[in-house]
Each structure stands twice: as structure tokens, then as C-alpha cells.
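S.K.: One file: data_10.pdb (PDB, C-alpha atoms and all ligand atoms).
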```pdb
ATOM      1  CA  MET A1269      82.497 247.738 158.597
ATOM      2  CA  THR A1270      83.615 244.140 158.930
ATOM      3  CA  ILE A1271      82.304 241.613 156.443
ATOM      4  CA  LYS A1272      79.760 239.059 157.475
ATOM      5  CA  SER A1273      80.824 235.567 158.424
ATOM      6  CA  LEU A1274      81.113 233.337 155.348
ATOM      7  CA  ARG A1275      80.900 229.558 155.443
ATOM      8  CA  ILE A1276      83.519 227.743 153.355
ATOM      9  CA  GLY A1277      82.702 224.353 151.865
ATOM     10  CA  THR A1278      85.401 221.841 150.989
ATOM     11  CA  ARG A1279      86.087 218.176 150.401
ATOM     12  CA  GLY A1280      87.770 216.407 153.270
ATOM     13  CA  SER A1281      90.940 215.127 151.572
ATOM     14  CA  PRO A1282      94.253 216.362 153.007
ATOM     15  CA  LEU A1283      94.910 218.336 149.801
ATOM     16  CA  ALA A1284      91.440 219.912 149.792
ATOM     17  CA  LEU A1285      91.851 220.921 153.438
ATOM     18  CA  ALA A1286      95.308 222.396 152.845
ATOM     19  CA  GLN A1287      93.901 224.467 149.959
ATOM     20  CA  THR A1288      90.913 225.559 152.014
ATOM     21  CA  HIS A1289      93.175 226.760 154.799
ATOM     22  CA  MET A1290      95.153 228.819 152.295
ATOM     23  CA  VAL A1291      91.951 230.501 151.117
ATOM     24  CA  ARG A1292      90.720 231.003 154.675
ATOM     25  CA  ALA A1293      93.976 232.646 155.762
ATOM     26  CA  LEU A1294      93.982 234.945 152.715
ATOM     27  CA  LEU A1295      90.370 235.967 153.322
ATOM     28  CA  ALA A1296      91.068 236.734 156.957
ATOM     29  CA  GLU A1297      94.119 238.781 156.011
ATOM     30  CA  ALA A1298      92.345 240.664 153.215
ATOM     31  CA  HIS A1299      89.507 241.683 155.511
ATOM     32  CA  GLY A1300      91.401 242.124 158.772
ATOM     33  CA  VAL A1301      89.360 239.552 160.684
ATOM     34  CA  SER A1302      90.266 236.281 162.386
ATOM     35  CA  GLU A1303      90.053 232.957 160.557
ATOM     36  CA  GLU A1304      87.172 231.930 162.850
ATOM     37  CA  HIS A1305      85.152 234.420 160.843
ATOM     38  CA  PHE A1306      85.084 231.753 158.113
ATOM     39  CA  PRO A1307      83.834 228.416 159.446
ATOM     40  CA  VAL A1308      84.791 225.382 157.369
ATOM     41  CA  GLU A1309      82.207 222.787 156.387
ATOM     42  CA  ILE A1310      83.514 219.443 155.092
ATOM     43  CA  ILE A1311      81.321 217.872 152.425
ATOM     44  CA  LYS A1312      81.826 214.377 151.062
ATOM     45  CA  THR A1313      81.557 214.131 147.264
ATOM     46  CA  THR A1314      80.813 211.150 145.031
ATOM     47  CA  GLY A1315      84.423 211.225 143.833
ATOM     48  CA  ASP A1316      85.645 210.738 147.393
ATOM     49  CA  GLN A1317      83.680 207.508 147.675
ATOM     50  CA  ILE A1318      84.975 205.874 144.499
ATOM     51  CA  GLN A1319      88.365 204.373 145.219
ATOM     52  CA  ASP A1320      88.362 201.174 143.213
ATOM     53  CA  ARG A1321      87.558 202.287 139.674
ATOM     54  CA  SER A1322      88.952 204.851 137.347
ATOM     55  CA  LEU A1323      86.949 208.047 137.584
ATOM     56  CA  ALA A1324      86.847 207.926 133.810
ATOM     57  CA  ASP A1325      84.808 204.728 134.080
ATOM     58  CA  SER A1326      82.471 206.096 136.698
ATOM     59  CA  GLY A1327      80.561 208.280 134.273
ATOM     60  CA  GLY A1328      79.403 211.799 134.779
ATOM     61  CA  LYS A1329      81.258 215.026 135.243
ATOM     62  CA  GLY A1330      81.628 216.995 138.418
ATOM     63  CA  LEU A1331      82.207 213.983 140.639
ATOM     64  CA  PHE A1332      84.198 216.169 143.029
ATOM     65  CA  THR A1333      81.913 219.171 142.834
ATOM     66  CA  LYS A1334      78.232 218.248 142.656
ATOM     67  CA  GLU A1335      77.611 217.978 146.396
ATOM     68  CA  LEU A1336      79.451 221.256 146.967
ATOM     69  CA  ASP A1337      77.348 222.911 144.245
ATOM     70  CA  LEU A1338      74.166 221.723 145.940
ATOM     71  CA  ALA A1339      75.342 223.018 149.324
ATOM     72  CA  LEU A1340      76.091 226.388 147.716
ATOM     73  CA  ILE A1341      72.753 226.596 145.931
ATOM     74  CA  GLY A1342      70.892 225.495 149.060
ATOM     75  CA  GLY A1343      72.693 228.101 151.161
ATOM     76  CA  ALA A1344      74.453 225.705 153.545
ATOM     77  CA  ILE A1345      77.778 227.256 152.504
ATOM     78  CA  ASP A1346      78.703 230.604 150.896
ATOM     79  CA  LEU A1347      81.800 229.638 148.953
ATOM     80  CA  ALA A1348      83.593 226.445 147.980
ATOM     81  CA  VAL A1349      87.275 225.779 147.390
ATOM     82  CA  HIS A1350      88.250 223.558 144.471
ATOM     83  CA  SER A1351      91.227 222.348 142.515
ATOM     84  CA  SER A1352      90.351 224.023 139.209
ATOM     85  CA  LYS A1353      91.365 220.809 137.499
ATOM     86  CA  ASP A1354      88.374 219.095 139.084
ATOM     87  CA  LEU A1355      85.856 221.795 138.132
ATOM     88  CA  PRO A1356      83.714 220.783 135.138
ATOM     89  CA  THR A1357      83.610 223.237 132.247
ATOM     90  CA  HIS A1358      79.850 223.655 132.587
ATOM     91  CA  LEU A1359      78.799 224.858 136.011
ATOM     92  CA  PRO A1360      75.187 225.138 137.158
ATOM     93  CA  ALA A1361      73.750 228.528 136.147
ATOM     94  CA  GLU A1362      73.489 229.569 139.825
ATOM     95  CA  ILE A1363      77.247 229.160 140.358
ATOM     96  CA  ILE A1364      80.280 231.097 139.191
ATOM     97  CA  ILE A1365      84.001 230.981 139.820
ATOM     98  CA  ALA A1366      84.486 234.128 141.911
ATOM     99  CA  GLY A1367      88.100 233.661 142.940
ATOM    100  CA  TYR A1368      91.422 232.231 141.731
ATOM    101  CA  LEU A1369      94.574 232.158 143.817
ATOM    102  CA  PRO A1370      97.774 232.950 141.900
ATOM    103  CA  ARG A1371      98.680 229.752 140.096
ATOM    104  CA  GLU A1372     101.303 227.372 141.490
ATOM    105  CA  ASP A1373     103.906 225.606 139.369
ATOM    106  CA  VAL A1374     101.850 223.640 136.815
ATOM    107  CA  ARG A1375     104.347 220.833 136.220
ATOM    108  CA  ASP A1376     103.927 217.169 136.995
ATOM    109  CA  ALA A1377     106.342 215.646 139.465
ATOM    110  CA  TRP A1378     107.838 212.217 138.862
ATOM    111  CA  ILE A1379     108.273 209.866 141.783
ATOM    112  CA  GLY A1380     110.490 206.973 140.727
ATOM    113  CA  ARG A1381     111.482 203.964 142.810
ATOM    114  CA  ASP A1382     115.106 204.382 143.933
ATOM    115  CA  GLY A1383     115.085 207.727 142.153
ATOM    116  CA  MET A1384     114.836 206.158 138.695
ATOM    117  CA  THR A1385     113.875 208.618 135.955
ATOM    118  CA  ILE A1386     111.383 207.824 133.201
ATOM    119  CA  ASP A1387     114.312 207.083 130.891
ATOM    120  CA  ALA A1388     116.039 204.849 133.434
ATOM    121  CA  LEU A1389     113.112 202.507 134.120
ATOM    122  CA  PRO A1390     113.611 198.990 132.725
ATOM    123  CA  PRO A1391     111.271 197.825 129.935
ATOM    124  CA  GLY A1392     107.936 196.613 131.302
ATOM    125  CA  ALA A1393     108.221 198.671 134.482
ATOM    126  CA  VAL A1394     104.878 199.709 135.948
ATOM    127  CA  VAL A1395     103.809 203.335 136.215
ATOM    128  CA  GLY A1396     100.737 203.952 138.350
ATOM    129  CA  THR A1397      98.389 206.824 137.606
ATOM    130  CA  ALA A1398      94.657 207.476 137.537
ATOM    131  CA  SER A1399      95.067 210.117 134.863
ATOM    132  CA  LEU A1400      94.457 209.131 131.230
ATOM    133  CA  ARG A1401      96.517 212.153 130.197
ATOM    134  CA  ARG A1402      99.543 211.094 132.224
ATOM    135  CA  ALA A1403      99.247 207.468 131.100
ATOM    136  CA  ALA A1404      99.118 208.541 127.430
ATOM    137  CA  GLN A1405     102.025 210.969 127.858
ATOM    138  CA  VAL A1406     104.122 208.269 129.550
ATOM    139  CA  LYS A1407     103.309 205.776 126.766
ATOM    140  CA  ARG A1408     104.191 208.356 124.160
ATOM    141  CA  ARG A1409     107.730 208.661 125.541
ATOM    142  CA  ARG A1410     108.117 205.046 126.601
ATOM    143  CA  PRO A1411     105.718 202.721 124.726
ATOM    144  CA  ASP A1412     107.389 199.768 126.460
ATOM    145  CA  LEU A1413     106.261 200.789 129.946
ATOM    146  CA  GLN A1414     103.061 199.531 131.514
ATOM    147  CA  THR A1415     100.537 201.835 133.122
ATOM    148  CA  THR A1416      98.146 200.800 135.821
ATOM    149  CA  LEU A1417      95.204 202.475 137.512
ATOM    150  CA  LEU A1418      96.204 204.065 140.789
ATOM    151  CA  ARG A1419      93.711 205.921 142.918
ATOM    152  CA  GLY A1420      93.603 207.115 146.478
ATOM    153  CA  ASN A1421      95.072 210.188 148.079
ATOM    154  CA  VAL A1422      98.589 211.437 147.593
ATOM    155  CA  HIS A1423     100.010 209.584 150.626
ATOM    156  CA  THR A1424      98.575 206.261 149.429
ATOM    157  CA  ARG A1425     100.115 206.736 145.999
ATOM    158  CA  LEU A1426     103.544 207.622 147.343
ATOM    159  CA  GLY A1427     103.363 204.562 149.615
ATOM    160  CA  LYS A1428     102.885 202.261 146.613
ATOM    161  CA  VAL A1429     106.164 203.428 145.080
ATOM    162  CA  GLU A1430     107.924 203.011 148.399
ATOM    163  CA  SER A1431     106.606 199.468 148.872
ATOM    164  CA  GLY A1432     107.592 198.533 145.313
ATOM    165  CA  GLU A1433     104.035 197.754 144.251
ATOM    166  CA  ILE A1434     104.646 200.134 141.362
ATOM    167  CA  ASP A1435     107.888 201.517 139.931
ATOM    168  CA  ALA A1436     106.833 205.123 139.518
ATOM    169  CA  THR A1437     103.965 207.566 139.679
ATOM    170  CA  LEU A1438     103.263 211.130 138.590
ATOM    171  CA  LEU A1439     101.573 213.772 140.704
ATOM    172  CA  ALA A1440     100.970 217.473 140.337
ATOM    173  CA  LEU A1441     103.880 219.327 141.913
ATOM    174  CA  ALA A1442     101.357 221.912 143.144
ATOM    175  CA  GLY A1443      99.568 219.324 145.274
ATOM    176  CA  LEU A1444     102.820 217.951 146.689
ATOM    177  CA  LYS A1445     103.955 221.455 147.614
ATOM    178  CA  ARG A1446     100.710 222.277 149.385
ATOM    179  CA  LEU A1447     101.028 219.077 151.403
ATOM    180  CA  GLY A1448     104.665 219.834 152.259
ATOM    181  CA  LEU A1449     105.746 216.802 150.209
ATOM    182  CA  ALA A1450     107.597 218.454 147.316
ATOM    183  CA  ASP A1451     110.803 216.732 148.428
ATOM    184  CA  ARG A1452     109.258 213.386 147.476
ATOM    185  CA  ALA A1453     109.519 214.270 143.781
ATOM    186  CA  THR A1454     112.545 212.536 142.302
ATOM    187  CA  ALA A1455     112.299 214.596 139.075
ATOM    188  CA  LEU A1456     110.195 217.358 137.568
ATOM    189  CA  LEU A1457     108.788 216.505 134.154
ATOM    190  CA  PRO A1458     109.445 219.043 131.388
ATOM    191  CA  LEU A1459     106.386 220.986 130.207
ATOM    192  CA  ALA A1460     107.222 220.211 126.589
ATOM    193  CA  ASP A1461     106.757 216.461 127.130
ATOM    194  CA  PHE A1462     104.192 216.592 129.915
ATOM    195  CA  PRO A1463     101.935 219.592 129.412
ATOM    196  CA  PRO A1464      99.491 219.736 132.344
ATOM    197  CA  ALA A1465      95.789 219.124 132.659
ATOM    198  CA  VAL A1466      93.583 222.137 132.163
ATOM    199  CA  GLY A1467      93.492 224.043 135.441
ATOM    200  CA  GLN A1468      96.363 222.195 137.096
ATOM    201  CA  GLY A1469      97.965 224.196 139.909
ATOM    202  CA  ALA A1470      95.132 226.720 140.195
ATOM    203  CA  ILE A1471      92.800 226.913 143.190
ATOM    204  CA  GLY A1472      89.341 228.138 142.195
ATOM    205  CA  ILE A1473      86.675 229.477 144.523
ATOM    206  CA  THR A1474      83.005 229.149 143.610
ATOM    207  CA  ALA A1475      80.113 231.219 144.918
ATOM    208  CA  ARG A1476      76.444 231.812 144.124
ATOM    209  CA  ALA A1477      76.214 234.015 141.034
ATOM    210  CA  GLY A1478      73.577 236.165 142.746
ATOM    211  CA  ASP A1479      75.466 236.590 146.028
ATOM    212  CA  ALA A1480      77.020 240.030 145.521
ATOM    213  CA  GLU A1481      78.282 240.214 149.102
ATOM    214  CA  THR A1482      80.356 237.021 148.899
ATOM    215  CA  ARG A1483      81.581 237.916 145.421
ATOM    216  CA  ALA A1484      82.793 241.281 146.675
ATOM    217  CA  ALA A1485      84.479 239.604 149.643
ATOM    218  CA  LEU A1486      86.319 237.309 147.209
ATOM    219  CA  ALA A1487      87.429 240.108 144.879
ATOM    220  CA  PRO A1488      90.840 240.483 146.599
ATOM    221  CA  LEU A1489      91.348 236.736 145.962
ATOM    222  CA  LEU A1490      90.789 236.915 142.204
ATOM    223  CA  ASP A1491      94.155 236.796 140.480
ATOM    224  CA  ALA A1492      93.724 238.328 137.020
ATOM    225  CA  ALA A1493      96.479 236.457 135.178
ATOM    226  CA  THR A1494      95.280 233.114 136.544
ATOM    227  CA  ALA A1495      91.662 233.906 135.661
ATOM    228  CA  LEU A1496      92.629 234.726 132.063
ATOM    229  CA  ALA A1497      94.797 231.617 131.674
ATOM    230  CA  LEU A1498      91.999 229.470 133.066
ATOM    231  CA  ALA A1499      89.441 231.118 130.776
ATOM    232  CA  ALA A1500      91.516 230.040 127.770
ATOM    233  CA  GLU A1501      92.132 226.518 129.068
ATOM    234  CA  ARG A1502      88.530 225.910 130.081
ATOM    235  CA  ALA A1503      87.231 227.190 126.736
ATOM    236  CA  PHE A1504      89.645 224.778 125.024
ATOM    237  CA  LEU A1505      88.347 221.857 127.083
ATOM    238  CA  SER A1506      84.765 222.912 126.507
ATOM    239  CA  ALA A1507      85.226 223.077 122.717
ATOM    240  CA  LEU A1508      86.577 219.540 122.862
ATOM    241  CA  ASP A1509      83.680 218.503 125.059
ATOM    242  CA  GLY A1510      86.493 217.206 127.225
ATOM    243  CA  SER A1511      85.337 214.609 129.657
ATOM    244  CA  CYS A1512      87.751 212.776 131.896
ATOM    245  CA  ARG A1513      87.620 209.946 129.306
ATOM    246  CA  THR A1514      89.903 211.738 126.852
ATOM    247  CA  PRO A1515      93.606 212.423 127.396
ATOM    248  CA  ILE A1516      93.778 216.212 127.047
ATOM    249  CA  ALA A1517      96.407 218.739 128.103
ATOM    250  CA  GLY A1518      96.013 222.502 127.955
ATOM    251  CA  HIS A1519      98.240 225.239 129.280
ATOM    252  CA  ALA A1520      97.969 229.002 128.954
ATOM    253  CA  THR A1521     100.416 231.580 130.267
ATOM    254  CA  VAL A1522      99.824 235.295 130.526
ATOM    255  CA  SER A1523     102.579 237.856 130.249
ATOM    256  CA  GLY A1524     101.449 241.461 130.357
ATOM    257  CA  ASP A1525      98.701 241.809 127.752
ATOM    258  CA  GLU A1526      99.698 238.673 125.880
ATOM    259  CA  LEU A1527      98.446 235.118 126.264
ATOM    260  CA  SER A1528     100.181 231.998 124.938
ATOM    261  CA  PHE A1529      98.363 228.704 124.713
ATOM    262  CA  TYR A1530      99.421 225.139 124.038
ATOM    263  CA  GLY A1531      96.995 222.246 123.856
ATOM    264  CA  GLU A1532      97.158 218.587 122.927
ATOM    265  CA  VAL A1533      94.865 215.589 122.655
ATOM    266  CA  LEU A1534      96.347 212.106 122.713
ATOM    267  CA  LYS A1535      95.275 208.608 121.870
ATOM    268  CA  ALA A1536      95.079 206.649 125.108
ATOM    269  CA  ASP A1537      98.096 204.514 124.149
ATOM    270  CA  GLY A1538     100.138 207.567 123.215
ATOM    271  CA  SER A1539     100.497 206.404 119.607
ATOM    272  CA  GLN A1540      99.099 209.648 118.239
ATOM    273  CA  VAL A1541      98.930 213.237 119.385
ATOM    274  CA  TRP A1542      97.197 216.308 117.984
ATOM    275  CA  MET A1543      98.686 219.642 119.020
ATOM    276  CA  THR A1544      97.786 223.269 118.735
ATOM    277  CA  ARG A1545      99.418 226.553 119.655
ATOM    278  CA  ARG A1546      98.126 230.116 119.898
ATOM    279  CA  LYS A1547      99.286 233.574 120.834
ATOM    280  CA  GLY A1548      96.957 236.506 121.259
ATOM    281  CA  ARG A1549      95.648 239.264 123.442
ATOM    282  CA  ALA A1550      94.982 238.169 127.009
ATOM    283  CA  ILE A1551      91.531 239.786 126.973
ATOM    284  CA  ASP A1552      90.598 237.371 124.157
ATOM    285  CA  ALA A1553      91.466 234.385 126.365
ATOM    286  CA  ALA A1554      88.205 232.470 126.008
ATOM    287  CA  MET A1555      88.109 233.023 122.228
ATOM    288  CA  ILE A1556      91.689 231.825 121.837
ATOM    289  CA  GLY A1557      91.024 228.652 123.834
ATOM    290  CA  ALA A1558      87.799 227.866 121.990
ATOM    291  CA  ASP A1559      89.482 228.453 118.637
ATOM    292  CA  ALA A1560      92.349 226.105 119.558
ATOM    293  CA  GLY A1561      89.856 223.441 120.682
ATOM    294  CA  ASN A1562      87.865 223.727 117.470
ATOM    295  CA  GLU A1563      91.022 223.318 115.418
ATOM    296  CA  ILE A1564      91.737 219.992 117.100
ATOM    297  CA  VAL A1565      88.128 218.803 116.766
ATOM    298  CA  LEU A1566      88.442 219.318 113.008
ATOM    299  CA  LYS A1567      91.719 217.368 112.914
ATOM    300  CA  LEU A1568      90.448 214.324 114.803
ATOM    301  CA  PRO A1569      89.500 211.602 112.326
ATOM    302  CA  HIS A1570      86.406 210.464 114.233
ATOM    303  CA  GLY A1571      85.823 213.433 116.510
ATOM    304  CA  VAL A1572      86.524 213.373 120.214
ATOM    305  CA  ALA A1573      84.240 210.352 120.686
ATOM    306  CA  GLY A1574      86.531 208.367 118.382
ATOM    307  CA  LEU A1575      89.268 208.527 121.005
ATOM    308  CA  MET A1576      87.328 206.839 123.794
TER     309      MET A1576
HETATM  310  N1  LIG B   1      92.540 215.028 140.396
HETATM  311  C1  LIG B   1      93.177 215.144 141.655
HETATM  312  C2  LIG B   1      93.902 216.428 141.811
HETATM  313  N2  LIG B   1      93.298 217.594 141.629
HETATM  314  C3  LIG B   1      94.222 218.594 141.798
HETATM  315  C4  LIG B   1      95.432 218.000 142.098
HETATM  316  C5  LIG B   1      96.702 218.681 142.347
HETATM  317  C6  LIG B   1      96.611 220.142 142.691
HETATM  318  C7  LIG B   1      96.445 221.061 141.533
HETATM  319  O1  LIG B   1      96.547 220.669 140.350
HETATM  320  O2  LIG B   1      96.200 222.264 141.807
HETATM  321  C8  LIG B   1      95.241 216.615 142.125
HETATM  322  C9  LIG B   1      96.245 215.574 142.420
HETATM  323  C10 LIG B   1      97.241 215.337 141.322
HETATM  324  O3  LIG B   1      96.914 215.465 140.141
HETATM  325  O4  LIG B   1      98.386 215.005 141.622
END
```
Now that the file is in, can you turn its structure into C-alpha cells?
Ligand SMILES: NCc1[nH]cc(CCC(=O)O)c1CC(=O)O

M.R.:
Amino acid sequence: MTIKSLRIGTRGSPLALAQTHMVRALLAEAHGVSEEHFPVEIIKTTGDQIQDRSLADSGGKGLFTKELDLALIGGAIDLAVHSSKDLPTHLPAEIIIAGYLPREDVRDAWIGRDGMTIDALPPGAVVGTASLRRAAQVKRRRPDLQTTLLRGNVHTRLGKVESGEIDATLLALAGLKRLGLADRATALLPLADFPPAVGQGAIGITARAGDAETRAALAPLLDAATALALAAERAFLSALDGSCRTPIAGHATVSGDELSFYGEVLKADGSQVWMTRRKGRAIDAAMIGADAGNEIVLKLPHGVAGLM
């Protein structure tokens, strides 16, 4: 019996579309049907419309997901493809993450003008990023550099380095790879200095919690190691009540039955960092992440709110 046609919802950015086509091809392959079996519906989100301000200043979580959630709940689509990094920790009760593709390389790529590394940039050079985490991590290594808000899609950002408007930027290697732009990275940043955002490099697929048919169809696209790593990272973020206003990094890896976790919270100017590390059983992923998050909450002098 062939599965019923499922409608896939996605944002319209080049990266979102590339990720959606990966999911669509994998679904078609897993079920032995053509890709046309899975029509794609492009849905504009609030986050797509804000180009001039930092998302951190725009208030509210789920800027890239709310409209997709509503389309799912209303039945206009059956599943939605997301960068896990953009998925808020608290989803509407009607929605669950029913699929994770095997995680890509989680590292940040560095794109420096004339190939300059972070160490080679002259004092006062300008690094563009929209990420508070990346800005804080850059400042931590090079307090003398300036950081400036940089939004827009990946092509726009790369263009600003090329034109000399900024001296460097950082982007997820995973996104560059999926866009066929990995060769634009002039360096890969070490995980020890630039641990990634929670969820970076992982594509998550949401569905209606009560839609057993779609959930079963997505089962072949649920990578266990990625799901466990993400459970730890998302529990960490949730314990910290992590909004996009706080520089937070969290990274879990799963090897066999064991899970390792590293998390850090930084002051926006990189002048202070609180770190935590855990090892434990992979099946305890969510507990390990929550425990690590709670440890940091207790260390912060004025709680998470004190960092904003
Ligand atoms: N917030 C934007 C966003 N969401 C996911 C990715 C990259 C892809 C991924 O992490 O899987 C990016 C761009 C970037 O950070 O460079």
C-alpha cells in the first residue's frame, strides 16, 4: 500500500527550500514513490519579514515557526521542515518534532575578507553577525574587534564581505554546505572556542501530534542519535529559559549509549562566560541537558534576565 500524499510546509528562503528538498527526496525514497507525492507549500513567517532589526529586539519566540505551526494545526500542511536552531523549546501542544535528519557538521564557518582569519584581522575590524552568541564568542577571543548587526539571507551576508562593507562574518557550515557554498568559508572555527547554537546543523520535521499516519511516514526519517543530542540541547536551553536575547551555546554528541554535553552562557560583550560539561547515558538526554542548564542558572549572579 502506498502512503497518502503529504503536504510539506516550508519557509521560502533558499536554505529552507534546500532543506525541504532534502526531506522530500528522502521521503520519496523511503516510501518508493515520486517526489510529486509530497507537494511543497511555501509559507512566509514573521521572521522572513524582519530584515532591519535584530531578531533579538523583535520580541517573541518562534518568529520562523508560528505561521507554519498554524498551517499544521489548521490542516493546510501535514509536516513542516525547520532548522532545529529556529525551533522554540516550547512547541504548541498539538505539534511534535516527528523527524530529524542525521546531523550535519555543527561548526561555524568563518568568512574573512581576503581570507583573513580571526587572529589576522586588524584592531577595530568589523565582524557582521545577527547572532548574539557569535558576537559574544568573537568578542571573547578578540575584545578589540567590533561587531555589527547583519541580517538577510546567506548570499546577502557573503556579498557584504566581498564588497568590503564588513571585514568578516560567521555562518553555520551546515547551511553553506546545503546551499553548495561551503567553499566560501575561509576557515572553520574550532568547537572549543565557538561551540554552536543549540540545534545547529540539525533539520527537524514537525507534524501534528495526533496525526499517526504522518508520524509513521516520518519514522524512517527520525535519526536516533540526532534526536537524543537535540533532546539534551533543547532541555538545556529550556532550563535557561533561553530566548534569542541571551548568548547561549549547547552541543551534545552521542556515541553508542553515551552522551556528552557542553554548554556555555556568555555576557554579550564576551567579558564573562559560564560553562558546564556532562557525560551520561544517552537515554537520559533530556535530564542531562536540564541538569546542565540548572547548574548555570544557579551560577549566574542575577539569573538569565541579568544578562540581557
Ligand atoms: N538562524 C538562521 C539559520 N538557521 C539555521 C541556519 C544554518 C543551518 C543549520 O544550522 O542547520 C541558519 C543560518 C546560519 O546560522 O548561518

S.K.: Near A:Leu1369, within 10 Å and counting all atoms listed in the file, which residues show up once chain neighbours fewer than 3 positions away are dropped, as a ChimeraX atom specification?

M.R.: /A:1287,1290-1291,1294,1372,1469-1473,1488-1495

S.K.: Residues within 8 Å of ligand LIG 1 (chain B), counting all atoms listed in the file: report them as a list in words.

M.R.: Leu1283, Ser1351, Ser1352, Lys1353, Asp1354, Glu1372, Val1374, Asp1376, Ser1399, Asn1421, Val1422, Leu1438, Leu1439, Ala1440, Leu1441, Ala1442, Gly1443, Leu1444, Ala1465, Gly1467, Gln1468, Gly1469, Ala1470 and Ile1471 of chain A

S.K.: Can you tell me which residues surround stretch 1534-1543 of chain A at a distance of at most 7 Å, considering all atoms listed in the file, apart from same-chain residues fewer than 3 positions away, and format the answer as a short mmCIF file (atom, residue, chain, number, x, y, z; two decimals) with C-alpha atoms, in the coordinates of the input?

M.R.:
```cif
data_model
loop_
_atom_site.label_atom_id
_atom_site.label_comp_id
_atom_site.auth_asym_id
_atom_site.auth_seq_id
_atom_site.Cartn_x
_atom_site.Cartn_y
_atom_site.Cartn_z
CA LEU A 1400 94.46 209.13 131.23
CA ALA A 1404 99.12 208.54 127.43
CA GLN A 1405 102.02 210.97 127.86
CA LYS A 1407 103.31 205.78 126.77
CA ARG A 1408 104.19 208.36 124.16
CA PRO A 1515 93.61 212.42 127.40
CA ILE A 1516 93.78 216.21 127.05
CA GLY A 1531 97.00 222.25 123.86
CA ILE A 1564 91.74 219.99 117.10
CA LEU A 1575 89.27 208.53 121.00
#
```

S.K.: Could you spell out the hits of the PyMOL selection byres (((chain A and resi 1312-1315) around 8) and not hetatm) on the shown file, as a list in words?

M.R.: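 Listing what the PyMOL selection byres (((chain A and resi 1312-1315) around 8) and not hetatm) selects in the shown file: Arg1279, Gly1280, Ile1310, Ile1311, Asp1316, Gln1317, Ile1318, Leu1323, Leu1331, Phe1332, Thr1333, Lys1334, Glu1335 and Leu1336 of chain A.
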
S.K.: Excluding same-chain residues fewer than 4 positions from A:His1305, what lies within 8 Å of it counting all atoms listed in the file, as a ChimeraX atom specification?

M.R.: /A:1272-1274,1296,1301

S.K.: Please determine, counting all atoms listed in the file, which residue among A:Leu1417, A:Ala1484, A:Leu1498, A:Val1308 has the shortest atom-to-atom distance to A:Ile1345.

M.R.: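 Under the stated criterion, the closest residue is A:Val1308.
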
S.K.: Which of these, A:Ile1276, A:Leu1426, A:Ala1393, A:Ile1386, has the shortest distance to A:Ala1339 once you count all atoms listed in the file?

M.R.: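 Looking at the shortest contact to A:Ala1339, the residue is A:Ile1276.
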
S.K.: Could you jot down the atom CA of A:Gly1380 to atom CA of A:Asp1412 separation for me, Å, one decimal place?

M.R.: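 Separation between atom CA of A:Gly1380 and atom CA of A:Asp1412: 16.3 Å.
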
S.K.: In Å, how far is it from atom CA of A:Arg1545 to atom CA of A:Tyr1368?

M.R.: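 So the answer is 24.2 Å.
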
S.K.: One number please: atom CA of A:Arg1425 to atom CA of A:Phe1462, in Å, one decimal.

M.R.: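 That distance, rounded to one decimal, is 19.3 Å.
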
S.K.: Any idea what's packed within 12 Å of A:Gly1557, counting all atoms listed in the file, ignoring anything in its chain fewer than 6 positions away? Could you give it as an MDAnalysis selection string?

M.R.: chainID A and resid 1466 1496:1508 1518:1521 1527:1532 1544:1551 1563:1564

S.K.: Of the residues A:Arg1452, A:Ala1344, A:Leu1566, A:Arg1402, which is the one nearest to A:Glu1430, using only C-alpha atoms?

M.R.: A:Arg1452

S.K.: Mind telling me what the PyMOL selection byres (((chain A and resi 1453) around 6) and not hetatm) catches here, as a list of chain:residue names?

M.R.: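 Taken over the shown coordinates, the PyMOL selection byres (((chain A and resi 1453) around 6) and not hetatm) returns A:Ala1377, A:Trp1378, A:Ile1379, A:Ala1450, A:Asp1451, A:Arg1452, A:Thr1454, A:Ala1455.
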
S.K.: Translate the PyMOL selection byres (((chain A and resi 1485) around 10) and not hetatm), as applied to the file shown, into an explicit residue set as a ChimeraX atom specification.

M.R.: /A:1271-1272,1274,1295,1298-1299,1366-1367,1480-1484,1486-1489

S.K.: Of the candidates A:Leu1338, A:Leu1389, A:Ala1558, A:Leu1568, which shows the shortest atom-to-atom distance to A:Pro1411, using only C-alpha atoms?

M.R.: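 Smallest distance to A:Pro1411 is found for A:Leu1389.
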